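The file final-v6.tsv contains TSV, C-alpha atoms:
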```tsv
chain	number	residue	atom	x	y	z
A	1	MET	CA	3.38	57.31	36.75
A	2	ALA	CA	1.15	55.50	34.26
A	3	PRO	CA	0.73	51.75	34.68
A	4	VAL	CA	2.75	49.37	32.50
A	5	VAL	CA	1.30	46.22	30.90
A	6	THR	CA	3.84	43.52	30.08
A	7	GLY	CA	1.67	40.50	29.39
A	8	VAL	CA	-1.78	38.91	29.21
A	9	THR	CA	-2.47	35.21	29.73
A	10	PRO	CA	-4.03	33.63	27.75
A	11	SER	CA	-3.35	35.86	24.77
A	12	SER	CA	-6.43	34.77	22.82
A	13	GLY	CA	-10.08	33.99	23.45
A	14	SER	CA	-13.54	33.70	21.98
A	15	THR	CA	-15.20	36.52	20.07
A	16	VAL	CA	-18.20	36.11	22.37
A	17	GLY	CA	-16.06	37.20	25.32
A	18	GLY	CA	-16.13	35.57	28.71
A	19	THR	CA	-12.49	34.43	28.72
A	20	PRO	CA	-10.77	34.80	32.14
A	21	VAL	CA	-7.34	36.44	31.69
A	22	THR	CA	-4.45	37.48	33.92
A	23	VAL	CA	-2.77	40.81	33.16
A	24	THR	CA	0.76	41.45	34.48
A	25	GLY	CA	2.81	44.61	34.65
A	26	SER	CA	3.30	47.36	37.21
A	27	GLY	CA	1.64	50.44	38.66
A	28	PHE	CA	-1.75	48.75	39.14
A	29	VAL	CA	-2.88	51.23	41.80
A	30	ASN	CA	-6.51	52.44	41.98
A	31	VAL	CA	-7.33	50.67	38.72
A	32	SER	CA	-10.47	52.13	37.15
A	33	ALA	CA	-10.63	50.22	33.86
A	34	VAL	CA	-9.14	47.37	31.84
A	35	ARG	CA	-9.81	47.61	28.12
A	36	PHE	CA	-9.51	45.19	25.21
A	37	GLY	CA	-9.30	47.64	22.34
A	38	SER	CA	-12.09	50.12	23.10
A	39	ALA	CA	-14.27	47.60	24.99
A	40	GLN	CA	-14.08	47.53	28.75
A	41	ALA	CA	-13.53	44.22	30.54
A	42	VAL	CA	-15.73	43.07	33.41
A	43	GLY	CA	-14.96	41.27	36.66
A	44	VAL	CA	-11.70	43.16	37.23
A	45	ASN	CA	-9.89	41.94	40.35
A	46	VAL	CA	-6.61	43.63	41.30
A	47	LEU	CA	-4.44	41.06	43.08
A	48	SER	CA	-1.40	43.30	43.55
A	49	THR	CA	0.32	46.30	42.00
A	50	THR	CA	1.71	43.93	39.35
A	51	THR	CA	-1.14	41.48	38.71
A	52	LEU	CA	-4.86	41.64	38.01
A	53	THR	CA	-7.51	39.37	36.53
A	54	ALA	CA	-10.44	40.25	34.26
A	55	ILE	CA	-13.10	38.75	31.98
A	56	THR	CA	-12.84	39.65	28.30
A	57	PRO	CA	-15.69	41.57	26.63
A	58	ILE	CA	-17.09	40.74	23.18
A	59	GLY	CA	-14.59	41.58	20.44
A	60	ALA	CA	-12.97	40.72	17.12
A	61	GLY	CA	-9.50	40.62	15.60
A	62	THR	CA	-6.34	41.55	17.50
A	63	VAL	CA	-6.60	44.39	20.02
A	64	SER	CA	-4.34	46.03	22.60
A	65	VAL	CA	-4.86	45.45	26.32
A	66	THR	CA	-4.63	48.62	28.40
A	67	VAL	CA	-4.99	49.43	32.09
A	68	THR	CA	-6.20	52.77	33.41
A	69	ALA	CA	-5.15	53.59	36.98
A	70	SER	CA	-4.43	56.62	39.13
A	71	GLY	CA	-1.27	57.35	37.12
A	72	GLY	CA	-3.01	57.30	33.75
A	73	THR	CA	-3.43	54.69	31.00
A	74	SER	CA	-0.77	52.20	29.89
A	75	GLN	CA	0.74	52.79	26.43
A	76	GLN	CA	2.32	49.40	25.66
A	77	LEU	CA	0.97	47.43	22.67
A	78	VAL	CA	0.20	44.12	24.41
A	79	PRO	CA	-1.96	42.11	21.99
A	80	PHE	CA	-4.99	39.92	22.63
A	81	THR	CA	-6.47	38.02	19.69
A	82	TYR	CA	-10.15	37.21	19.35
A	83	VAL	CA	-10.91	33.93	17.61
A	84	ASN	CA	-14.28	32.86	16.24
A	85	ALA	CA	-16.17	30.70	18.72
A	86	PRO	CA	-16.57	27.16	17.35
A	87	ALA	CA	-19.99	25.57	17.16
A	88	PRO	CA	-20.68	23.43	20.22
A	89	VAL	CA	-20.43	19.65	20.00
A	90	ILE	CA	-22.40	17.26	22.23
A	91	THR	CA	-21.18	13.70	22.64
A	92	SER	CA	-23.56	12.18	25.19
A	93	LEU	CA	-26.78	12.55	27.18
A	94	SER	CA	-27.32	10.93	30.56
A	95	PRO	CA	-29.93	9.62	30.96
A	96	ARG	CA	-31.18	9.28	27.37
A	97	GLU	CA	-34.84	8.79	28.31
A	98	GLY	CA	-37.41	9.98	30.81
A	99	PRO	CA	-41.14	10.24	31.54
A	100	VAL	CA	-43.53	12.19	29.32
A	101	ALA	CA	-44.21	14.55	32.23
A	102	GLY	CA	-40.66	15.86	31.95
A	103	GLY	CA	-38.62	16.94	34.96
A	104	THR	CA	-35.73	14.55	34.33
A	105	THR	CA	-32.29	16.02	35.03
A	106	VAL	CA	-30.18	15.35	31.92
A	107	THR	CA	-26.41	15.81	31.86
A	108	ILE	CA	-25.19	16.97	28.43
A	109	THR	CA	-21.49	16.34	27.77
A	110	GLY	CA	-19.45	17.73	24.89
A	111	SER	CA	-17.24	20.70	24.02
A	112	GLY	CA	-17.64	24.40	23.36
A	113	LEU	CA	-20.63	24.63	25.68
A	114	THR	CA	-19.56	27.85	27.44
A	115	GLY	CA	-21.94	30.70	26.71
A	116	ALA	CA	-24.83	28.40	25.80
A	117	THR	CA	-27.88	30.46	24.83
A	118	GLN	CA	-30.43	27.67	24.44
A	119	VAL	CA	-30.98	23.95	25.00
A	120	ARG	CA	-33.78	22.37	22.99
A	121	PHE	CA	-35.59	19.06	23.35
A	122	GLY	CA	-37.18	18.81	19.94
A	123	ALA	CA	-39.03	22.10	19.42
A	124	LEU	CA	-39.15	22.93	23.15
A	125	SER	CA	-36.65	24.99	25.14
A	126	ALA	CA	-35.35	23.51	28.40
A	127	SER	CA	-34.11	25.21	31.55
A	128	TYR	CA	-30.40	24.53	32.04
A	129	THR	CA	-27.21	25.35	33.90
A	130	THR	CA	-23.80	25.53	32.20
A	131	ASN	CA	-21.40	23.74	34.53
A	132	SER	CA	-18.30	24.06	32.33
A	133	SER	CA	-17.21	24.21	28.70
A	134	THR	CA	-17.81	20.44	28.54
A	135	GLN	CA	-20.97	19.97	30.58
A	136	ILE	CA	-24.52	21.33	30.86
A	137	THR	CA	-27.26	20.14	33.22
A	138	ALA	CA	-30.73	20.53	31.68
A	139	THR	CA	-34.24	19.74	32.92
A	140	ALA	CA	-36.24	17.92	30.27
A	141	PRO	CA	-39.58	19.62	29.47
A	142	ALA	CA	-42.71	17.51	28.98
A	143	GLY	CA	-42.79	15.70	25.66
A	144	MET	CA	-43.73	12.62	23.65
A	145	GLY	CA	-41.72	9.94	21.88
A	146	PRO	CA	-38.19	10.42	20.51
A	147	VAL	CA	-36.83	13.96	20.09
A	148	LEU	CA	-33.48	15.51	19.21
A	149	VAL	CA	-31.52	17.49	21.81
A	150	ALA	CA	-29.26	20.34	20.67
A	151	VAL	CA	-27.32	23.20	22.28
A	152	ALA	CA	-26.96	26.69	20.80
A	153	THR	CA	-24.13	29.16	21.50
A	154	ALA	CA	-22.80	32.22	19.73
A	155	GLY	CA	-20.74	29.83	17.62
A	156	GLY	CA	-23.79	28.05	16.24
A	157	VAL	CA	-25.98	25.02	16.94
A	158	SER	CA	-24.56	21.68	17.99
A	159	ASN	CA	-25.10	18.31	16.41
A	160	PRO	CA	-28.32	16.69	17.74
A	161	LEU	CA	-28.53	13.60	19.93
A	162	PRO	CA	-31.68	11.52	20.51
A	163	TYR	CA	-33.69	11.56	23.75
A	164	CYS	CA	-36.77	9.37	24.23
A	165	TYR	CA	-39.86	10.16	26.29
A	166	THR	CA	-41.27	6.98	27.82
A	167	ALA	CA	-45.05	6.61	28.01
A	168	ALA	CA	-45.00	5.44	31.61
A	169	SER	CA	-42.51	5.01	34.41
A	170	ALA	CA	-42.51	2.84	37.48
A	171	PRO	CA	-44.01	4.58	40.53
A	172	ILE	CA	-41.88	5.60	43.47
A	173	PRO	CA	-42.93	3.42	46.44
A	174	PHE	CA	-44.55	5.06	49.46
A	175	VAL	CA	-44.39	3.69	53.00
A	176	ALA	CA	-47.43	4.56	55.11
A	177	GLY	CA	-46.84	2.36	58.14
A	178	VAL	CA	-44.50	-0.03	59.94
A	179	ALA	CA	-45.99	-2.48	62.46
A	180	PRO	CA	-44.79	-3.11	65.01
A	181	GLY	CA	-42.71	0.04	65.14
A	182	GLN	CA	-40.33	-1.30	67.80
A	183	GLY	CA	-38.20	-4.34	68.45
A	184	PRO	CA	-35.05	-5.62	70.16
A	185	LEU	CA	-31.51	-4.60	69.25
A	186	ALA	CA	-30.79	-8.12	68.03
A	187	GLY	CA	-33.48	-7.88	65.36
A	188	GLY	CA	-35.60	-10.84	64.36
A	189	THR	CA	-38.97	-9.15	64.82
A	190	PRO	CA	-41.55	-9.88	62.08
A	191	VAL	CA	-42.59	-6.49	60.67
A	192	VAL	CA	-45.38	-5.62	58.23
A	193	VAL	CA	-44.69	-2.61	55.97
A	194	THR	CA	-47.75	-1.02	54.39
A	195	GLY	CA	-47.93	1.58	51.65
A	196	ILE	CA	-48.34	2.03	47.89
A	197	GLY	CA	-46.35	0.73	44.94
A	198	LEU	CA	-44.64	-2.02	46.92
A	199	SER	CA	-45.13	-4.91	44.47
A	200	GLY	CA	-41.91	-4.13	42.58
A	201	ALA	CA	-39.77	-3.87	45.72
A	202	THR	CA	-36.16	-4.94	45.26
A	203	ALA	CA	-34.95	-4.09	48.78
A	204	VAL	CA	-36.23	-3.06	52.21
A	205	ARG	CA	-33.81	-1.16	54.42
A	206	PHE	CA	-33.83	-0.42	58.14
A	207	GLY	CA	-31.53	2.55	58.15
A	208	ALA	CA	-28.64	1.39	55.96
A	209	VAL	CA	-29.16	-2.31	56.70
A	210	GLN	CA	-31.13	-4.51	54.31
A	211	ALA	CA	-33.87	-6.74	55.70
A	212	VAL	CA	-35.14	-10.10	54.49
A	213	PHE	CA	-38.58	-9.46	53.00
A	214	MET	CA	-41.44	-10.89	50.97
A	215	VAL	CA	-43.95	-9.03	48.80
A	216	VAL	CA	-47.49	-9.80	49.95
A	217	THR	CA	-49.44	-7.33	47.81
A	218	ASP	CA	-48.86	-3.97	46.14
A	219	THR	CA	-49.71	-2.39	49.50
A	220	GLN	CA	-47.98	-4.77	51.92
A	221	LEU	CA	-44.57	-6.30	52.56
A	222	ALA	CA	-43.61	-8.84	55.24
A	223	CYS	CA	-40.05	-8.55	56.51
A	224	THR	CA	-37.78	-9.42	59.42
A	225	ALA	CA	-36.09	-6.54	61.22
A	226	PRO	CA	-32.28	-6.84	61.10
A	227	ALA	CA	-30.12	-5.99	64.12
A	228	GLY	CA	-29.76	-2.29	64.82
A	229	ALA	CA	-29.90	0.55	67.34
A	230	GLY	CA	-31.82	3.78	67.89
A	231	THR	CA	-34.60	4.96	65.60
A	232	VAL	CA	-34.07	4.33	61.89
A	233	ASP	CA	-35.95	5.08	58.68
A	234	VAL	CA	-37.57	2.14	56.92
A	235	THR	CA	-37.32	2.58	53.15
A	236	VAL	CA	-38.41	0.48	50.19
A	237	VAL	CA	-36.38	0.39	46.97
A	238	ALA	CA	-38.19	-0.34	43.69
A	239	PRO	CA	-37.55	0.34	39.98
A	240	GLY	CA	-39.30	3.70	40.35
A	241	GLY	CA	-36.94	4.86	43.10
A	242	THR	CA	-36.64	4.81	46.88
A	243	SER	CA	-39.48	5.73	49.22
A	244	ALA	CA	-39.23	8.98	51.16
A	245	THR	CA	-38.45	9.04	54.87
A	246	SER	CA	-41.11	10.14	57.36
A	247	GLU	CA	-42.37	9.57	60.88
A	248	LEU	CA	-44.77	7.00	59.42
A	249	ALA	CA	-41.82	4.97	58.15
A	250	SER	CA	-39.59	4.61	61.20
A	251	TYR	CA	-38.59	1.75	63.48
A	252	THR	CA	-37.13	2.00	66.99
A	253	TYR	CA	-34.70	-0.51	68.43
A	254	VAL	CA	-35.45	-0.96	72.13
A	255	VAL	CA	-33.02	-2.21	74.78
A	256	THR	CA	-34.07	-4.98	77.17
A	257	PRO	CA	-35.16	-3.42	80.50
A	258	THR	CA	-33.16	-4.07	83.68
A	259	VAL	CA	-34.75	-4.07	87.16
A	260	MET	CA	-32.34	-3.19	89.97
A	261	THR	CA	-34.28	-2.23	93.11
A	262	LEU	CA	-37.84	-1.87	94.49
A	263	SER	CA	-39.06	0.67	97.01
A	264	PRO	CA	-40.68	-0.63	99.16
A	265	ALA	CA	-39.70	-4.24	98.57
A	266	GLN	CA	-42.66	-5.62	100.50
A	267	GLY	CA	-46.35	-5.01	101.01
A	268	PRO	CA	-49.69	-6.53	102.07
A	269	ALA	CA	-51.05	-9.68	100.44
A	270	THR	CA	-54.05	-7.68	99.31
A	271	GLY	CA	-51.81	-5.50	97.14
A	272	GLY	CA	-52.77	-1.94	96.20
A	273	ASN	CA	-49.67	-0.19	97.48
A	274	PRO	CA	-47.43	1.86	95.10
A	275	VAL	CA	-43.98	0.42	94.39
A	276	THR	CA	-41.17	2.38	92.74
A	277	VAL	CA	-39.17	0.23	90.33
A	278	ILE	CA	-35.62	1.44	89.68
A	279	GLY	CA	-33.56	0.22	86.74
A	280	SER	CA	-32.99	1.11	83.08
A	281	GLY	CA	-34.56	0.81	79.64
A	282	PHE	CA	-38.06	1.74	80.85
A	283	THR	CA	-38.94	4.35	78.20
A	284	TYR	CA	-40.80	1.84	76.04
A	285	ALA	CA	-42.06	-0.45	78.83
A	286	THR	CA	-45.21	-2.37	77.93
A	287	ASP	CA	-45.84	-4.40	81.10
A	288	VAL	CA	-44.85	-4.91	84.75
A	289	HIS	CA	-45.39	-8.26	86.48
A	290	PHE	CA	-45.20	-9.30	90.12
A	291	GLY	CA	-44.56	-12.99	89.63
A	292	GLY	CA	-47.18	-13.97	87.07
A	293	ALA	CA	-49.59	-11.15	87.98
A	294	PRO	CA	-49.70	-8.00	85.82
A	295	ALA	CA	-49.53	-4.66	87.63
A	296	PRO	CA	-50.84	-1.24	86.59
A	297	PHE	CA	-47.93	1.16	86.12
A	298	SER	CA	-46.80	4.56	84.91
A	299	ILE	CA	-43.43	5.46	83.39
A	300	VAL	CA	-41.66	8.27	85.24
A	301	SER	CA	-38.41	8.14	83.26
A	302	ASP	CA	-36.14	5.69	81.49
A	303	THR	CA	-34.88	4.60	84.93
A	304	GLN	CA	-38.06	4.73	87.04
A	305	ILE	CA	-41.53	3.21	86.99
A	306	VAL	CA	-44.25	3.47	89.64
A	307	ALA	CA	-46.38	0.32	89.75
A	308	THR	CA	-49.35	-0.69	91.90
A	309	ALA	CA	-48.69	-4.07	93.46
A	310	PRO	CA	-51.38	-6.67	92.68
A	311	GLY	CA	-52.52	-9.11	95.38
A	312	GLY	CA	-50.34	-12.14	96.00
A	313	ALA	CA	-48.50	-14.31	98.46
A	314	GLY	CA	-44.92	-15.20	99.28
A	315	THR	CA	-41.87	-13.84	97.49
A	316	VAL	CA	-42.09	-13.05	93.79
A	317	GLY	CA	-39.82	-11.63	91.13
A	318	VAL	CA	-40.74	-8.30	89.57
A	319	THR	CA	-40.11	-7.95	85.83
A	320	VAL	CA	-40.52	-5.16	83.26
A	321	GLY	CA	-41.26	-6.00	79.64
A	322	SER	CA	-40.91	-4.00	76.41
A	323	ALA	CA	-40.47	-4.58	72.70
A	324	GLY	CA	-36.80	-5.14	73.53
A	325	GLY	CA	-37.57	-8.12	75.76
A	326	THR	CA	-38.34	-8.84	79.42
A	327	SER	CA	-35.99	-8.06	82.28
A	328	ALA	CA	-34.62	-10.74	84.57
A	329	PRO	CA	-36.42	-10.87	87.97
A	330	ALA	CA	-33.43	-9.34	89.68
A	331	ALA	CA	-35.51	-7.73	92.47
A	332	PHE	CA	-38.03	-9.54	94.69
A	333	TYR	CA	-41.20	-8.42	96.36
A	334	VAL	CA	-42.42	-10.00	99.60
A	335	TYR	CA	-46.12	-10.21	100.42
A	336	LEU	CA	-46.79	-9.86	104.17
```

Rewrite the structure of this file - the entire thing - as structure tokens.
Amino acid sequence: MAPVVTGVTPSSGSTVGGTPVTVTGSGFVNVSAVRFGSAQAVGVNVLSTTTLTAITPIGAGTVSVTVTASGGTSQQLVPFTYVNAPAPVITSLSPREGPVAGGTTVTITGSGLTGATQVRFGALSASYTTNSSTQITATAPAGMGPVLVAVATAGGVSNPLPYCYTAASAPIPFVAGVAPGQGPLAGGTPVVVTGIGLSGATAVRFGAVQAVFMVVTDTQLACTAPAGAGTVDVTVVAPGGTSATSELASYTYVVTPTVMTLSPAQGPATGGNPVTVIGSGFTYATDVHFGGAPAPFSIVSDTQIVATAPGGAGTVGVTVGSAGGTSAPAAFYVYL
């Protein structure tokens, strides 16, 4: 049995085609074609034996919608009316200016933008993406001074809106170094940020947290690390944008080490014997002291250090220091 078409929604669309429609009826089995007059639709999607969707082809006037399936071609006179596509209208550009080098992403808002065939900035064509009938995203080509932006479709050319190329734009800051690159969780560490284009800085961030800062030169900022945890990106915000993240622009918050036990906990007054220090927060250890005497050491893990006891006398506290602070002398070493 031949398919039956009972309706098409919407029942009208642009002469340039491209209108999504829903066709209802029955017998939509093994559909091979959907036609608007003699022109075949594209994007046919059969949802069930009674419903399918399609995209209208180019056309004119009022035509009949037919479906061809395994049972034949529908014979009902279900009309679809083509209407002339209106000329597009643009109401706003955002932003309305950009650098002479081009590359600015410009959002064009208006109506009738579906099927855009060209976007022009003055005499130059721009690359673009049609997001909807009311919005296009274009990339401004290189240019000079004020120009008029217009959109062309099958319905004609839109009204123009002005766009201005600026002779120069503020540079995007670049962070080349952070010193020191570590500090305690509580913050408070004075940090020097070096780079390029820093003189116009409006904010310095450690991760998402803003730091107190002072511009020293175009290549240097002085700031105070805020409280934080882990390793974070240090970024500088300026009129030209926000600096990129990189390994050069990172800061690590370090916990204060804790010393729990020593093995052995005693040794000769001459020193020289290895001592295993057990505790936590040793990954970024910078020093080990037996009393007031520094000891050579190597980091085994975040919980273990092997130090060489210096010479000494009596009972002394052993401490481990890092950028996060110095441990309490919770373990004691006895010189024999």

Need to verify the contact set: Gly188 of chain A, 12 Å, all atoms listed in the file, exclusion of same-chain residues closer than 6 positions in sequence. Can you return it as a PDB file with C-alpha atoms, in the coordinates of the input?
```
ATOM      1  CA  GLN A 182     -40.330  -1.300  67.800  1.00  0.00           C
ATOM      2  CA  ALA A 211     -33.870  -6.740  55.700  1.00  0.00           C
ATOM      3  CA  VAL A 212     -35.140 -10.100  54.490  1.00  0.00           C
ATOM      4  CA  PHE A 213     -38.580  -9.460  53.000  1.00  0.00           C
ATOM      5  CA  CYS A 223     -40.050  -8.550  56.510  1.00  0.00           C
ATOM      6  CA  THR A 224     -37.780  -9.420  59.420  1.00  0.00           C
ATOM      7  CA  ALA A 225     -36.090  -6.540  61.220  1.00  0.00           C
ATOM      8  CA  PRO A 226     -32.280  -6.840  61.100  1.00  0.00           C
ATOM      9  CA  ALA A 227     -30.120  -5.990  64.120  1.00  0.00           C
ATOM     10  CA  GLY A 228     -29.760  -2.290  64.820  1.00  0.00           C
ATOM     11  CA  TYR A 253     -34.700  -0.510  68.430  1.00  0.00           C
ATOM     12  CA  ALA A 323     -40.470  -4.580  72.700  1.00  0.00           C
ATOM     13  CA  GLY A 324     -36.800  -5.140  73.530  1.00  0.00           C
ATOM     14  CA  GLY A 325     -37.570  -8.120  75.760  1.00  0.00           C
TER      15      GLY A 325
END
```

Find the residues near Val100 of chain A: any atom within 12 Å, counting only C-alpha atoms, skip ones fewer than 6 places away on the same chain, and give them as a VMD selection string. chain A and resid 140 to 147 163 to 169

Ref. answer, residues at most 7 Å from (2.7, 46.1, 31.4) with only C-alpha atoms, as a ChimeraX atom specification: /A:3-7,24-26,76

How about saving the chosen residues, C-alpha atoms kept, as a PDB file, in the frame of the given file?
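again-v4.pdb, written as the output of this step:
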```pdb
ATOM      1  CA  PRO A   3       0.730  51.750  34.680  1.00  0.00           C
ATOM      2  CA  VAL A   4       2.750  49.370  32.500  1.00  0.00           C
ATOM      3  CA  VAL A   5       1.300  46.220  30.900  1.00  0.00           C
ATOM      4  CA  THR A   6       3.840  43.520  30.080  1.00  0.00           C
ATOM      5  CA  GLY A   7       1.670  40.500  29.390  1.00  0.00           C
ATOM      6  CA  THR A  24       0.760  41.450  34.480  1.00  0.00           C
ATOM      7  CA  GLY A  25       2.810  44.610  34.650  1.00  0.00           C
ATOM      8  CA  SER A  26       3.300  47.360  37.210  1.00  0.00           C
ATOM      9  CA  GLN A  76       2.320  49.400  25.660  1.00  0.00           C
TER      10      GLN A  76
END
```

Review point. Of the residues A:Thr137, A:Ser132, A:Thr252, A:Ser48, which is the one nearest to Thr189 of chain A, using only C-alpha atoms?
Key: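 Result for the nearest residue to Thr189 of chain A: A:Thr252.
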
Would you mind telling me which residue in A:Thr242, A:Thr53, A:Thr286, A:Ser125 lies nearest to Leu148 of chain A when using all atoms listed in the file?
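Once distances to Leu148 of chain A are computed over all atoms listed in the file, the minimum belongs to A:Ser125.
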
With distances taken over all atoms listed in the file, the candidate from A:Ala244, A:Leu161, A:Val318, A:Val237 nearest Val277 of chain A is A:Val318

Please, could all heavy atoms be added to segment 190-198 of chain A and the result written as a CSV table (one decimal), in the coordinates of the input?
```
chain,number,residue,atom,x,y,z
A,190,PRO,N,-40.8,-9.9,63.3
A,190,PRO,CA,-41.6,-9.9,62.1
A,190,PRO,C,-42.2,-8.5,62.0
A,190,PRO,O,-42.9,-8.1,62.9
A,190,PRO,CB,-42.6,-11.0,62.2
A,190,PRO,CG,-42.0,-11.9,63.3
A,190,PRO,CD,-41.3,-11.0,64.2
A,191,VAL,N,-42.1,-7.8,60.9
A,191,VAL,CA,-42.6,-6.5,60.7
A,191,VAL,C,-43.4,-6.4,59.4
A,191,VAL,O,-42.9,-7.0,58.3
A,191,VAL,CB,-41.5,-5.4,60.6
A,191,VAL,CG1,-42.0,-4.1,60.3
A,191,VAL,CG2,-40.7,-5.4,61.9
A,192,VAL,N,-44.6,-5.8,59.4
A,192,VAL,CA,-45.4,-5.6,58.2
A,192,VAL,C,-45.2,-4.2,57.8
A,192,VAL,O,-45.5,-3.2,58.6
A,192,VAL,CB,-46.8,-6.0,58.5
A,192,VAL,CG1,-47.7,-5.6,57.3
A,192,VAL,CG2,-47.0,-7.4,58.8
A,193,VAL,N,-44.8,-4.0,56.6
A,193,VAL,CA,-44.7,-2.6,56.0
A,193,VAL,C,-45.9,-2.4,55.0
A,193,VAL,O,-46.1,-3.2,54.1
A,193,VAL,CB,-43.4,-2.5,55.2
A,193,VAL,CG1,-43.3,-1.1,54.6
A,193,VAL,CG2,-42.2,-2.7,56.1
A,194,THR,N,-46.6,-1.3,55.3
A,194,THR,CA,-47.8,-1.0,54.4
A,194,THR,C,-47.5,0.3,53.6
A,194,THR,O,-46.7,1.1,54.1
A,194,THR,CB,-49.0,-0.9,55.2
A,194,THR,OG1,-48.8,0.1,56.2
A,194,THR,CG2,-49.4,-2.2,55.9
A,195,GLY,N,-48.1,0.4,52.5
A,195,GLY,CA,-47.9,1.6,51.6
A,195,GLY,C,-48.5,1.4,50.3
A,195,GLY,O,-49.5,0.7,50.1
A,196,ILE,N,-47.9,2.0,49.3
A,196,ILE,CA,-48.3,2.0,47.9
A,196,ILE,C,-47.2,1.8,47.0
A,196,ILE,O,-46.0,2.2,47.2
A,196,ILE,CB,-49.0,3.4,47.5
A,196,ILE,CG1,-50.2,3.7,48.4
A,196,ILE,CG2,-49.4,3.4,46.1
A,196,ILE,CD1,-50.7,5.1,48.2
A,197,GLY,N,-47.4,1.0,45.9
A,197,GLY,CA,-46.4,0.7,44.9
A,197,GLY,C,-45.3,-0.2,45.5
A,197,GLY,O,-44.1,0.0,45.1
A,198,LEU,N,-45.6,-1.2,46.3
A,198,LEU,CA,-44.6,-2.0,46.9
A,198,LEU,C,-44.4,-3.3,46.2
A,198,LEU,O,-43.5,-4.1,46.5
A,198,LEU,CB,-45.1,-2.4,48.4
A,198,LEU,CG,-45.4,-1.2,49.3
A,198,LEU,CD1,-45.7,-1.6,50.7
A,198,LEU,CD2,-44.2,-0.2,49.3
```
